[in-house]
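Participant: The structure is given below, and queries will be raised subsequently.
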Amino acid sequence: LTLNLDPADVEHRLTDRTRAIVVTHWNGLAADLRPFLDLAERHPHPHHGPPVVIVDAARAAGGITPAGLPVGAEGWATIFSFETKKLMTTFGQGGMVTTGDARLADRLRRLRTYGLSQEWGTNQQLSKIQAAVGLVQLGRLDEMNAARIARAHERTRLLHGIEHLTLPPELDGGRHLYYRYNLLVPASWAGAGRDALMEILADRYGLGSIINDPVTYTGHDYIRAHTDGQACPRAEALAARLLCPCLHPQIPADEEREICDAIRRATDEI
């Protein structure tokens with residue numbers, strides 16, 4: 001399971017009011033954007049033309065899409081995050097937008113710099129120190145991503161054969177950066193069983209894991225208030241089965257074996 005957005009599901013939800021399609025490279029797995037670009041062309045807005053495709057690449061810096069292009073090269077705009085936990089950082093906070101649309105690029109430059117006396121804007125520029133840190137991080141991004149991929153593939157090898165766990169797809173070539181290592185428990189364990197497994201991992205084995213991410217409207221009051229009556233049942237069902245044990249490209253091999261042994265033992269206890 002890629003856990004990425006399903007183009008067929010999106011097509012069912014498009015209306016003559018749709019202005020944008022937002023696609024996330026979810027937890028580091030680069031989505032195939034071509035189906036969404038095709039959908040936009042086939043379902044134009046009556047006044048504004050095809051919906052724009054906006055890409056969330058906060059967890060996929062340095063990745064390669066199925067089209068063989070760098071993440072950030074497809075779609076109307078791609079948004080990156082360089083916050084502390086991301087694949088690269090700029091001293092704790094920061095981000096970037098890539099686009100091939102000259103008008104959008106000009107507007108973004110105005111918006112980040114007080115509007116450049118042409119419209120209302122704010123100061124969203126990286127400092128020189130942040131930019132310097134970002135350049136260093138960018139210089140080692142491919143190396144760190146390759147190490148993360150290798151560690152994730154080794155984890156998949158060590159966890160192979162556990163009856164009750166669905167492991168992430170094993171992709172190379174930068175198509176999956178494993179920002180999170182996604183595990184899915186059986187549907188019969190959804191919710192309470194998954195939570196019990198996380199508690200066993202933490203309490204008995206000292207292994208942290210998180211749900212990254214639950215469906216946004218279930219835990220965000222503002223979003224829930226503005227999406228009343230709407231639901232994504234498939235996403236909710238998958239989120240109830242999801243857990244993400246800690247993963248880092250610099251975890252030593254012996255500790256990785258301990259992590260996988262803990263996951264195997266804990267799963268047997270459910």
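Following the order of the structure tokens, first chain is A, next is B, and so on, with residues numbered from 1 inside each chain and ligands from 1 in the order they appear.
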Compile the contact shell of Ala152 of chain A as a PyMOL selection string: residues with an atom at most 9 Å away, counting only C-alpha atoms, same-chain residues fewer than 5 positions apart removed.

Facilitator: chain A and resi 147+157+170+177-178+181+247-249

Participant: Save out the residues we just selected, all heavy atoms, as a PDB file, in the first residue's frame.

Facilitator:
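Saved result, part-v2.pdb, follows:
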ATOM      1  N   ALA A 147      21.040   6.600   2.901  1.00  0.00           N
ATOM      2  CA  ALA A 147      21.241   5.843   4.145  1.00  0.00           C
ATOM      3  C   ALA A 147      19.898   5.482   4.775  1.00  0.00           C
ATOM      4  O   ALA A 147      19.719   4.376   5.312  1.00  0.00           O
ATOM      5  CB  ALA A 147      22.085   6.660   5.116  1.00  0.00           C
ATOM      6  N   ARG A 157      13.574  -6.365   5.604  1.00  0.00           N
ATOM      7  CA  ARG A 157      14.123  -7.729   5.548  1.00  0.00           C
ATOM      8  C   ARG A 157      14.012  -8.413   6.905  1.00  0.00           C
ATOM      9  O   ARG A 157      13.618  -9.589   6.994  1.00  0.00           O
ATOM     10  CB  ARG A 157      15.589  -7.685   5.101  1.00  0.00           C
ATOM     11  CG  ARG A 157      16.209  -9.056   4.886  1.00  0.00           C
ATOM     12  CD  ARG A 157      17.690  -8.954   4.569  1.00  0.00           C
ATOM     13  NE  ARG A 157      18.460  -8.535   5.740  1.00  0.00           N
ATOM     14  CZ  ARG A 157      18.824  -9.364   6.719  1.00  0.00           C
ATOM     15  NH1 ARG A 157      18.484 -10.645   6.688  1.00  0.00           N
ATOM     16  NH2 ARG A 157      19.530  -8.910   7.736  1.00  0.00           N
ATOM     17  N   GLU A 170       8.857  -1.749  -0.861  1.00  0.00           N
ATOM     18  CA  GLU A 170      10.316  -1.611  -0.908  1.00  0.00           C
ATOM     19  C   GLU A 170      10.699  -1.013  -2.248  1.00  0.00           C
ATOM     20  O   GLU A 170      10.821  -1.711  -3.251  1.00  0.00           O
ATOM     21  CB  GLU A 170      10.978  -2.970  -0.706  1.00  0.00           C
ATOM     22  CG  GLU A 170      12.468  -2.883  -0.438  1.00  0.00           C
ATOM     23  CD  GLU A 170      13.053  -4.219   0.012  1.00  0.00           C
ATOM     24  OE1 GLU A 170      12.270  -5.114   0.368  1.00  0.00           O
ATOM     25  OE2 GLU A 170      14.294  -4.342  -0.004  1.00  0.00           O
ATOM     26  N   LEU A 177      11.404   7.641   0.332  1.00  0.00           N
ATOM     27  CA  LEU A 177      12.477   8.106   1.205  1.00  0.00           C
ATOM     28  C   LEU A 177      12.274   7.669   2.653  1.00  0.00           C
ATOM     29  O   LEU A 177      13.126   7.947   3.488  1.00  0.00           O
ATOM     30  CB  LEU A 177      12.581   9.636   1.132  1.00  0.00           C
ATOM     31  CG  LEU A 177      12.856  10.200  -0.263  1.00  0.00           C
ATOM     32  CD1 LEU A 177      12.912  11.720  -0.227  1.00  0.00           C
ATOM     33  CD2 LEU A 177      14.150   9.640  -0.841  1.00  0.00           C
ATOM     34  N   TYR A 178      11.148   7.032   2.948  1.00  0.00           N
ATOM     35  CA  TYR A 178      10.878   6.484   4.279  1.00  0.00           C
ATOM     36  C   TYR A 178      11.051   7.544   5.370  1.00  0.00           C
ATOM     37  O   TYR A 178      11.687   7.309   6.397  1.00  0.00           O
ATOM     38  CB  TYR A 178      11.781   5.276   4.560  1.00  0.00           C
ATOM     39  CG  TYR A 178      11.576   4.174   3.549  1.00  0.00           C
ATOM     40  CD1 TYR A 178      12.382   4.091   2.406  1.00  0.00           C
ATOM     41  CD2 TYR A 178      10.565   3.240   3.706  1.00  0.00           C
ATOM     42  CE1 TYR A 178      12.182   3.098   1.459  1.00  0.00           C
ATOM     43  CE2 TYR A 178      10.351   2.235   2.764  1.00  0.00           C
ATOM     44  CZ  TYR A 178      11.163   2.176   1.639  1.00  0.00           C
ATOM     45  OH  TYR A 178      10.961   1.189   0.704  1.00  0.00           O
ATOM     46  N   TYR A 181       8.503   5.059   8.685  1.00  0.00           N
ATOM     47  CA  TYR A 181       8.402   3.653   8.328  1.00  0.00           C
ATOM     48  C   TYR A 181       7.008   3.191   8.710  1.00  0.00           C
ATOM     49  O   TYR A 181       6.701   2.972   9.878  1.00  0.00           O
ATOM     50  CB  TYR A 181       9.476   2.837   9.051  1.00  0.00           C
ATOM     51  CG  TYR A 181       9.569   1.415   8.565  1.00  0.00           C
ATOM     52  CD1 TYR A 181      10.338   1.090   7.451  1.00  0.00           C
ATOM     53  CD2 TYR A 181       8.875   0.399   9.200  1.00  0.00           C
ATOM     54  CE1 TYR A 181      10.426  -0.212   6.992  1.00  0.00           C
ATOM     55  CE2 TYR A 181       8.948  -0.907   8.747  1.00  0.00           C
ATOM     56  CZ  TYR A 181       9.723  -1.203   7.647  1.00  0.00           C
ATOM     57  OH  TYR A 181       9.789  -2.507   7.187  1.00  0.00           O
ATOM     58  N   LEU A 247      12.641   5.694  13.131  1.00  0.00           N
ATOM     59  CA  LEU A 247      13.605   5.325  12.093  1.00  0.00           C
ATOM     60  C   LEU A 247      14.524   6.508  11.861  1.00  0.00           C
ATOM     61  O   LEU A 247      14.071   7.652  11.770  1.00  0.00           O
ATOM     62  CB  LEU A 247      12.888   4.961  10.791  1.00  0.00           C
ATOM     63  CG  LEU A 247      13.801   4.655   9.593  1.00  0.00           C
ATOM     64  CD1 LEU A 247      14.497   3.305   9.775  1.00  0.00           C
ATOM     65  CD2 LEU A 247      13.027   4.659   8.279  1.00  0.00           C
ATOM     66  N   HIS A 248      15.824   6.235  11.788  1.00  0.00           N
ATOM     67  CA  HIS A 248      16.802   7.281  11.479  1.00  0.00           C
ATOM     68  C   HIS A 248      17.935   6.653  10.702  1.00  0.00           C
ATOM     69  O   HIS A 248      18.324   5.500  10.970  1.00  0.00           O
ATOM     70  CB  HIS A 248      17.338   7.934  12.764  1.00  0.00           C
ATOM     71  CG  HIS A 248      18.119   9.184  12.512  1.00  0.00           C
ATOM     72  ND1 HIS A 248      19.464   9.170  12.179  1.00  0.00           N
ATOM     73  CD2 HIS A 248      17.747  10.493  12.531  1.00  0.00           C
ATOM     74  CE1 HIS A 248      19.889  10.413  12.011  1.00  0.00           C
ATOM     75  NE2 HIS A 248      18.871  11.232  12.217  1.00  0.00           N
ATOM     76  N   PRO A 249      18.481   7.358   9.701  1.00  0.00           N
ATOM     77  CA  PRO A 249      19.535   6.759   8.879  1.00  0.00           C
ATOM     78  C   PRO A 249      20.811   6.423   9.635  1.00  0.00           C
ATOM     79  O   PRO A 249      21.623   5.627   9.142  1.00  0.00           O
ATOM     80  CB  PRO A 249      19.797   7.822   7.801  1.00  0.00           C
ATOM     81  CG  PRO A 249      19.257   9.100   8.351  1.00  0.00           C
ATOM     82  CD  PRO A 249      18.100   8.699   9.206  1.00  0.00           C
TER      83      PRO A 249
END

Participant: Let me make sure I understand: among A:Asp172, A:Val215, A:Thr156, A:Glu163, which one has the smallest atom-to-atom distance to Arg234 of chain A if we use only C-alpha atoms?

Facilitator: A:Val215

Participant: When distances are computed from only C-alpha atoms, which of A:Glu269, A:Asp101, A:Glu154, A:Asp6 shows the smallest separation from Ala253 of chain A?

Facilitator: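 Nearest to Ala253 of chain A: A:Glu154.
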
Participant: Take atom CA of Arg180 of chain A and atom CA of Ile270 of chain A and report the distance between them in Å, one decimal.

Facilitator: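 Pair atom CA of Arg180 of chain A / atom CA of Ile270 of chain A returns 23.0 Å.
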
Participant: Compare A:Leu69, A:Ala40, A:Ile129, A:Leu242 by their minimum atom-to-atom distance to Ile211 of chain A, counting only C-alpha atoms, and give me the closest one.

Facilitator: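 When distances to Ile211 of chain A are compared using only C-alpha atoms, the smallest one comes from A:Leu242.
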
Participant: To one decimal place, how far is atom CA of Asp254 of chain A from atom CA of Arg148 of chain A in Å?

Facilitator: 15.7 Å

Participant: Taking 5 positions as the minimum chain separation for residues in the same chain, which residues sit within 8 Å of segment 255-261 of chain A when counting only C-alpha atoms? Answer as a compact mmCIF listing (two decimals) with N, CA and C atoms, in the first residue's frame.

Facilitator:
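This went into part.txt:
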# COMPACT_ATOMS: atom_id res chain seq x y z
N ARG A 155 15.30 -3.02 7.55
CA ARG A 155 14.22 -3.27 8.52
C ARG A 155 13.15 -4.17 7.89
N LEU A 158 14.32 -7.68 7.98
CA LEU A 158 14.30 -8.27 9.32
C LEU A 158 12.87 -8.55 9.80
N LEU A 159 11.91 -7.76 9.34
CA LEU A 159 10.52 -7.93 9.77
C LEU A 159 9.72 -8.86 8.85
N LEU A 207 10.57 1.30 23.01
CA LEU A 207 10.59 1.69 21.60
C LEU A 207 9.43 2.64 21.31

Participant: List the spatial neighbours of Ala202 of chain A as an NGL selection string - criterion: any atom at most 12 Å away, only C-alpha atoms, same-chain residues fewer than 4 positions off excluded.

Facilitator: :A and (195-198 or 206-210 or 245-246 or 259 or 262-263 or 266)

Participant: Go ahead and write the residues just picked, N, CA and C atoms, as a compact mmCIF listing (two decimals), in the first residue's frame.

Facilitator:
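Output file again01.txt follows:
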# COMPACT_ATOMS: atom_id res chain seq x y z
N ASP A 195 -3.29 0.46 19.34
CA ASP A 195 -2.85 1.22 20.51
C ASP A 195 -2.18 0.33 21.54
N ALA A 196 -2.72 -0.88 21.73
CA ALA A 196 -2.12 -1.82 22.67
C ALA A 196 -0.71 -2.21 22.22
N LEU A 197 -0.52 -2.41 20.91
CA LEU A 197 0.80 -2.74 20.39
C LEU A 197 1.78 -1.60 20.64
N MET A 198 1.35 -0.37 20.44
CA MET A 198 2.22 0.77 20.68
C MET A 198 2.60 0.87 22.15
N GLY A 206 10.83 -0.09 25.39
CA GLY A 206 11.40 1.24 25.28
C GLY A 206 11.47 1.77 23.86
N LEU A 207 10.57 1.30 23.01
CA LEU A 207 10.59 1.69 21.60
C LEU A 207 9.43 2.64 21.31
N GLY A 208 9.76 3.83 20.88
CA GLY A 208 8.73 4.80 20.56
C GLY A 208 8.15 4.59 19.18
N SER A 209 6.86 4.87 19.04
CA SER A 209 6.19 4.85 17.75
C SER A 209 5.09 5.90 17.78
N ILE A 210 4.69 6.36 16.60
CA ILE A 210 3.67 7.39 16.52
C ILE A 210 2.67 7.03 15.43
N PRO A 245 7.13 3.14 13.85
CA PRO A 245 8.25 3.07 14.80
C PRO A 245 9.37 4.02 14.38
N CYS A 246 10.15 4.45 15.35
CA CYS A 246 11.23 5.40 15.07
C CYS A 246 12.19 4.83 14.03
N ILE A 259 15.45 -3.24 17.58
CA ILE A 259 14.15 -2.65 17.27
C ILE A 259 13.25 -3.67 16.58
N ALA A 262 12.09 -6.34 18.95
CA ALA A 262 11.03 -5.85 19.82
C ALA A 262 9.69 -5.83 19.10
N ILE A 263 9.68 -5.39 17.84
CA ILE A 263 8.43 -5.35 17.07
C ILE A 263 7.89 -6.77 16.89
N ALA A 266 6.59 -8.01 20.38
CA ALA A 266 5.39 -7.29 20.80
C ALA A 266 4.17 -7.71 19.99

Participant: Which neighbours of Asn212 of chain A fall inside 9 Å, counting only C-alpha atoms, when residues of the same chain fewer than 3 positions from it are skipped, and could you give them as a list in words?

Facilitator: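 The residues satisfying every condition are Asn27, Arg180, Asn182, Ala239, Leu242, Leu243 and Cys244 of chain A.
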
Participant: Excluding same-chain residues fewer than 2 positions from Ala58 of chain A, what lies within 9 Å of it counting only C-alpha atoms, as a ChimeraX atom specification?

Facilitator: /A:24-28,56,60-61,78-83,86-87,95

Participant: So that I have them on file, write out the residues from the current selection with N, CA and C atoms, as an mmCIF file, in the first residue's frame.

Facilitator:
data_model
loop_
_atom_site.group_PDB
_atom_site.id
_atom_site.type_symbol
_atom_site.label_atom_id
_atom_site.label_comp_id
_atom_site.auth_asym_id
_atom_site.auth_seq_id
_atom_site.Cartn_x
_atom_site.Cartn_y
_atom_site.Cartn_z
ATOM 1 N N THR A 24 -0.233 14.872 -1.658
ATOM 2 C CA THR A 24 0.884 14.763 -0.722
ATOM 3 C C THR A 24 1.758 13.561 -1.072
ATOM 4 N N HIS A 25 3.074 13.780 -1.097
ATOM 5 C CA HIS A 25 4.016 12.655 -1.160
ATOM 6 C C HIS A 25 4.096 12.096 0.258
ATOM 7 N N TRP A 26 3.250 11.151 0.554
ATOM 8 C CA TRP A 26 2.935 10.826 1.947
ATOM 9 C C TRP A 26 4.058 10.048 2.623
ATOM 10 N N ASN A 27 4.576 10.649 3.690
ATOM 11 C CA ASN A 27 5.649 10.056 4.497
ATOM 12 C C ASN A 27 6.852 9.627 3.665
ATOM 13 N N GLY A 28 7.092 10.356 2.561
ATOM 14 C CA GLY A 28 8.299 10.138 1.776
ATOM 15 C C GLY A 28 8.121 9.320 0.531
ATOM 16 N N ASP A 56 2.242 18.735 -1.792
ATOM 17 C CA ASP A 56 2.857 18.814 -0.467
ATOM 18 C C ASP A 56 4.042 17.854 -0.448
ATOM 19 N N ALA A 60 9.405 14.833 1.481
ATOM 20 C CA ALA A 60 9.960 14.136 0.318
ATOM 21 C C ALA A 60 11.063 14.920 -0.366
ATOM 22 N N ALA A 61 11.759 15.795 0.329
ATOM 23 C CA ALA A 61 12.849 16.557 -0.284
ATOM 24 C C ALA A 61 13.936 15.613 -0.780
ATOM 25 N N THR A 78 4.891 23.244 -5.651
ATOM 26 C CA THR A 78 5.280 22.211 -4.689
ATOM 27 C C THR A 78 5.830 22.897 -3.452
ATOM 28 N N ILE A 79 5.320 22.506 -2.283
ATOM 29 C CA ILE A 79 5.707 23.138 -1.029
ATOM 30 C C ILE A 79 6.578 22.193 -0.222
ATOM 31 N N PHE A 80 7.737 22.673 0.203
ATOM 32 C CA PHE A 80 8.676 21.912 1.024
ATOM 33 C C PHE A 80 8.733 22.507 2.432
ATOM 34 N N SER A 81 9.042 21.668 3.394
ATOM 35 C CA SER A 81 9.252 22.118 4.772
ATOM 36 C C SER A 81 10.657 21.725 5.208
ATOM 37 N N PHE A 82 11.342 22.648 5.875
ATOM 38 C CA PHE A 82 12.680 22.386 6.412
ATOM 39 C C PHE A 82 12.687 22.471 7.939
ATOM 40 N N GLU A 83 11.544 22.141 8.521
ATOM 41 C CA GLU A 83 11.423 22.098 9.984
ATOM 42 C C GLU A 83 12.338 21.008 10.542
ATOM 43 N N LYS A 86 12.319 17.244 9.514
ATOM 44 C CA LYS A 86 12.233 16.893 8.107
ATOM 45 C C LYS A 86 13.563 16.314 7.593
ATOM 46 N N LEU A 87 13.564 15.891 6.333
ATOM 47 C CA LEU A 87 14.731 15.230 5.772
ATOM 48 C C LEU A 87 15.928 16.166 5.666
ATOM 49 N N GLY A 95 11.082 26.923 4.808
ATOM 50 C CA GLY A 95 10.445 26.164 3.744
ATOM 51 C C GLY A 95 10.759 26.763 2.396
#

Participant: Near Ile54 of chain A, counting only C-alpha atoms, which residues have an atom at most 8 Å away, once you skip same-chain residues fewer than 3 positions from it, shown as a PDB file with N, CA, C and O atoms, in the first residue's frame?

Facilitator:
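Saved file result-v6.pdb follows:
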ATOM      1  N   ALA A  20      -8.600  23.375  -7.278  1.00  0.00           N
ATOM      2  CA  ALA A  20      -7.262  22.840  -7.016  1.00  0.00           C
ATOM      3  C   ALA A  20      -7.368  21.394  -6.557  1.00  0.00           C
ATOM      4  O   ALA A  20      -8.357  20.984  -5.941  1.00  0.00           O
ATOM      5  N   ILE A  21      -6.346  20.627  -6.876  1.00  0.00           N
ATOM      6  CA  ILE A  21      -6.161  19.268  -6.358  1.00  0.00           C
ATOM      7  C   ILE A  21      -4.860  19.276  -5.571  1.00  0.00           C
ATOM      8  O   ILE A  21      -3.809  19.672  -6.098  1.00  0.00           O
ATOM      9  N   VAL A  22      -4.920  18.881  -4.315  1.00  0.00           N
ATOM     10  CA  VAL A  22      -3.737  18.881  -3.451  1.00  0.00           C
ATOM     11  C   VAL A  22      -3.285  17.442  -3.234  1.00  0.00           C
ATOM     12  O   VAL A  22      -4.062  16.609  -2.752  1.00  0.00           O
ATOM     13  N   VAL A  23      -2.054  17.155  -3.594  1.00  0.00           N
ATOM     14  CA  VAL A  23      -1.497  15.803  -3.495  1.00  0.00           C
ATOM     15  C   VAL A  23      -0.296  15.829  -2.556  1.00  0.00           C
ATOM     16  O   VAL A  23       0.563  16.709  -2.677  1.00  0.00           O
ATOM     17  N   GLY A  75       3.545  19.748 -11.394  1.00  0.00           N
ATOM     18  CA  GLY A  75       2.451  20.447 -10.737  1.00  0.00           C
ATOM     19  C   GLY A  75       2.610  21.951 -10.801  1.00  0.00           C
ATOM     20  O   GLY A  75       3.635  22.485 -11.255  1.00  0.00           O
ATOM     21  N   TRP A  76       1.579  22.641 -10.362  1.00  0.00           N
ATOM     22  CA  TRP A  76       1.566  24.110 -10.381  1.00  0.00           C
ATOM     23  C   TRP A  76       2.505  24.667  -9.332  1.00  0.00           C
ATOM     24  O   TRP A  76       3.226  25.642  -9.575  1.00  0.00           O
ATOM     25  N   ALA A  77       2.515  24.052  -8.149  1.00  0.00           N
ATOM     26  CA  ALA A  77       3.386  24.494  -7.064  1.00  0.00           C
ATOM     27  C   ALA A  77       3.663  23.317  -6.151  1.00  0.00           C
ATOM     28  O   ALA A  77       2.788  22.481  -5.911  1.00  0.00           O
ATOM     29  N   THR A  78       4.891  23.244  -5.651  1.00  0.00           N
ATOM     30  CA  THR A  78       5.280  22.211  -4.689  1.00  0.00           C
ATOM     31  C   THR A  78       5.830  22.897  -3.452  1.00  0.00           C
ATOM     32  O   THR A  78       6.704  23.764  -3.556  1.00  0.00           O
ATOM     33  N   ILE A  79       5.320  22.506  -2.283  1.00  0.00           N
ATOM     34  CA  ILE A  79       5.707  23.138  -1.029  1.00  0.00           C
ATOM     35  C   ILE A  79       6.578  22.193  -0.222  1.00  0.00           C
ATOM     36  O   ILE A  79       6.216  21.031   0.003  1.00  0.00           O
TER      37      ILE A  79
END

Participant: List every residue of segment 108-216 of chain A that DSSP, applied to the backbone, labels as strand (DSSP E or B), and write the result as a PyMOL selection string.

Facilitator: chain A and resi 113+123+166+176+183-184+209-210

Participant: At what distance in Å, to one decimal, does atom CA of Val55 of chain A lie from atom CA of Met144 of chain A?

Facilitator: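 Taking atom CA of Met144 of chain A and atom CA of Val55 of chain A, their separation equals 22.7 Å.
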
Participant: Which residue out of A:Leu29, A:Ala132, A:Thr122, A:Lys85 has the minimum interatomic distance to Leu3 of chain A when only C-alpha atoms are used?

Facilitator: A:Leu29

Participant: Just list as a compact mmCIF listing (two decimals) with all heavy atoms, in the first residue's frame whatever in segment 157-206 of chain A DSSP marks as helix (DSSP H, G or I).

Facilitator:
# COMPACT_ATOMS: atom_id res chain seq x y z
N ARG A 157 13.57 -6.36 5.60
CA ARG A 157 14.12 -7.73 5.55
C ARG A 157 14.01 -8.41 6.90
O ARG A 157 13.62 -9.59 6.99
CB ARG A 157 15.59 -7.69 5.10
CG ARG A 157 16.21 -9.06 4.89
CD ARG A 157 17.69 -8.95 4.57
NE ARG A 157 18.46 -8.54 5.74
CZ ARG A 157 18.82 -9.36 6.72
NH1 ARG A 157 18.48 -10.64 6.69
NH2 ARG A 157 19.53 -8.91 7.74
N LEU A 158 14.32 -7.68 7.98
CA LEU A 158 14.30 -8.27 9.32
C LEU A 158 12.87 -8.55 9.80
O LEU A 158 12.66 -9.46 10.60
CB LEU A 158 15.02 -7.34 10.30
CG LEU A 158 16.53 -7.20 10.09
CD1 LEU A 158 17.09 -6.09 10.99
CD2 LEU A 158 17.24 -8.51 10.38
N LEU A 159 11.91 -7.76 9.34
CA LEU A 159 10.52 -7.93 9.77
C LEU A 159 9.72 -8.86 8.85
O LEU A 159 8.56 -9.16 9.15
CB LEU A 159 9.81 -6.57 9.84
CG LEU A 159 10.33 -5.58 10.88
CD1 LEU A 159 9.53 -4.28 10.80
CD2 LEU A 159 10.26 -6.16 12.29
N ALA A 187 -7.00 -5.22 10.09
CA ALA A 187 -8.22 -4.44 10.32
C ALA A 187 -8.86 -4.82 11.65
O ALA A 187 -9.47 -3.98 12.32
CB ALA A 187 -9.19 -4.64 9.17
N SER A 188 -8.73 -6.09 12.05
CA SER A 188 -9.32 -6.53 13.32
C SER A 188 -8.64 -5.92 14.54
O SER A 188 -9.19 -5.94 15.64
CB SER A 188 -9.29 -8.05 13.42
OG SER A 188 -7.94 -8.52 13.35
N TRP A 189 -7.43 -5.39 14.36
CA TRP A 189 -6.71 -4.73 15.45
C TRP A 189 -6.88 -3.22 15.42
O TRP A 189 -6.36 -2.52 16.29
CB TRP A 189 -5.21 -5.01 15.35
CG TRP A 189 -4.80 -6.42 15.60
CD1 TRP A 189 -5.60 -7.54 15.69
CD2 TRP A 189 -3.45 -6.89 15.77
NE1 TRP A 189 -4.85 -8.66 15.89
CE2 TRP A 189 -3.53 -8.30 15.95
CE3 TRP A 189 -2.22 -6.27 15.77
CZ2 TRP A 189 -2.39 -9.08 16.14
CZ3 TRP A 189 -1.08 -7.05 15.95
CH2 TRP A 189 -1.17 -8.43 16.14
N ALA A 192 -8.01 -0.01 19.00
CA ALA A 192 -7.59 -0.51 20.32
C ALA A 192 -6.41 -1.47 20.22
O ALA A 192 -5.47 -1.40 21.02
CB ALA A 192 -8.78 -1.19 21.01
N GLY A 193 -6.45 -2.39 19.25
CA GLY A 193 -5.34 -3.33 19.11
C GLY A 193 -4.06 -2.65 18.71
O GLY A 193 -2.98 -2.98 19.24
N ARG A 194 -4.14 -1.73 17.78
CA ARG A 194 -2.96 -0.97 17.39
C ARG A 194 -2.40 -0.18 18.57
O ARG A 194 -1.18 -0.14 18.80
CB ARG A 194 -3.33 -0.03 16.23
CG ARG A 194 -2.19 0.77 15.60
CD ARG A 194 -1.91 2.10 16.30
NE ARG A 194 -3.09 2.85 16.62
CZ ARG A 194 -3.75 3.65 15.77
NH1 ARG A 194 -3.32 3.77 14.55
NH2 ARG A 194 -4.83 4.32 16.17
N ASP A 195 -3.29 0.46 19.34
CA ASP A 195 -2.85 1.22 20.51
C ASP A 195 -2.18 0.33 21.54
O ASP A 195 -1.18 0.71 22.17
CB ASP A 195 -4.03 1.95 21.14
CG ASP A 195 -4.61 3.03 20.23
OD1 ASP A 195 -3.96 3.37 19.23
OD2 ASP A 195 -5.72 3.51 20.52
N ALA A 196 -2.72 -0.88 21.73
CA ALA A 196 -2.12 -1.82 22.67
C ALA A 196 -0.71 -2.21 22.22
O ALA A 196 0.21 -2.33 23.05
CB ALA A 196 -3.00 -3.07 22.80
N LEU A 197 -0.52 -2.41 20.91
CA LEU A 197 0.80 -2.74 20.39
C LEU A 197 1.78 -1.60 20.64
O LEU A 197 2.93 -1.83 21.06
CB LEU A 197 0.70 -3.04 18.89
CG LEU A 197 2.01 -3.34 18.16
CD1 LEU A 197 2.73 -4.52 18.79
CD2 LEU A 197 1.75 -3.59 16.68
N MET A 198 1.35 -0.37 20.44
CA MET A 198 2.22 0.77 20.68
C MET A 198 2.60 0.87 22.15
O MET A 198 3.74 1.20 22.50
CB MET A 198 1.52 2.05 20.22
CG MET A 198 1.30 2.12 18.72
SD MET A 198 0.39 3.60 18.18
CE MET A 198 1.58 4.88 18.53
N GLU A 199 1.65 0.58 23.04
CA GLU A 199 1.94 0.61 24.47
C GLU A 199 2.93 -0.47 24.87
O GLU A 199 3.84 -0.23 25.68
CB GLU A 199 0.64 0.46 25.26
CG GLU A 199 -0.28 1.67 25.16
CD GLU A 199 -1.60 1.45 25.89
OE1 GLU A 199 -1.72 0.42 26.58
OE2 GLU A 199 -2.49 2.31 25.77
N ILE A 200 2.79 -1.67 24.31
CA ILE A 200 3.74 -2.74 24.61
C ILE A 200 5.14 -2.36 24.14
O ILE A 200 6.13 -2.54 24.85
CB ILE A 200 3.28 -4.06 23.95
CG1 ILE A 200 2.01 -4.57 24.62
CG2 ILE A 200 4.37 -5.12 24.03
CD1 ILE A 200 1.37 -5.75 23.92
N LEU A 201 5.23 -1.82 22.93
CA LEU A 201 6.53 -1.41 22.40
C LEU A 201 7.19 -0.38 23.30
O LEU A 201 8.40 -0.44 23.55
CB LEU A 201 6.36 -0.84 20.99
CG LEU A 201 6.05 -1.83 19.87
CD1 LEU A 201 5.70 -1.11 18.58
CD2 LEU A 201 7.24 -2.77 19.64
N ALA A 202 6.39 0.56 23.81
CA ALA A 202 6.95 1.63 24.65
C ALA A 202 7.27 1.12 26.06
O ALA A 202 8.38 1.36 26.57
CB ALA A 202 5.97 2.79 24.72
N ASP A 203 6.32 0.43 26.68
CA ASP A 203 6.46 0.07 28.10
C ASP A 203 7.43 -1.08 28.33
O ASP A 203 8.20 -1.07 29.30
CB ASP A 203 5.09 -0.30 28.68
CG ASP A 203 4.13 0.88 28.70
OD1 ASP A 203 4.60 2.02 28.57
OD2 ASP A 203 2.91 0.66 28.83
N ARG A 204 7.42 -2.08 27.46
CA ARG A 204 8.25 -3.27 27.69
C ARG A 204 9.57 -3.22 26.96
O ARG A 204 10.54 -3.87 27.38
CB ARG A 204 7.48 -4.53 27.28
CG ARG A 204 6.19 -4.73 28.06
CD ARG A 204 5.54 -6.06 27.74
NE ARG A 204 4.19 -6.12 28.28
CZ ARG A 204 3.36 -7.14 28.11
NH1 ARG A 204 3.75 -8.19 27.41
NH2 ARG A 204 2.14 -7.11 28.62
N TYR A 205 9.62 -2.48 25.86
CA TYR A 205 10.83 -2.50 25.04
C TYR A 205 11.46 -1.13 24.86
O TYR A 205 12.51 -1.03 24.22
CB TYR A 205 10.51 -3.11 23.67
CG TYR A 205 10.00 -4.53 23.76
CD1 TYR A 205 8.63 -4.80 23.69
CD2 TYR A 205 10.88 -5.59 23.95
CE1 TYR A 205 8.16 -6.10 23.79
CE2 TYR A 205 10.41 -6.90 24.05
CZ TYR A 205 9.05 -7.14 23.98
OH TYR A 205 8.58 -8.44 24.08
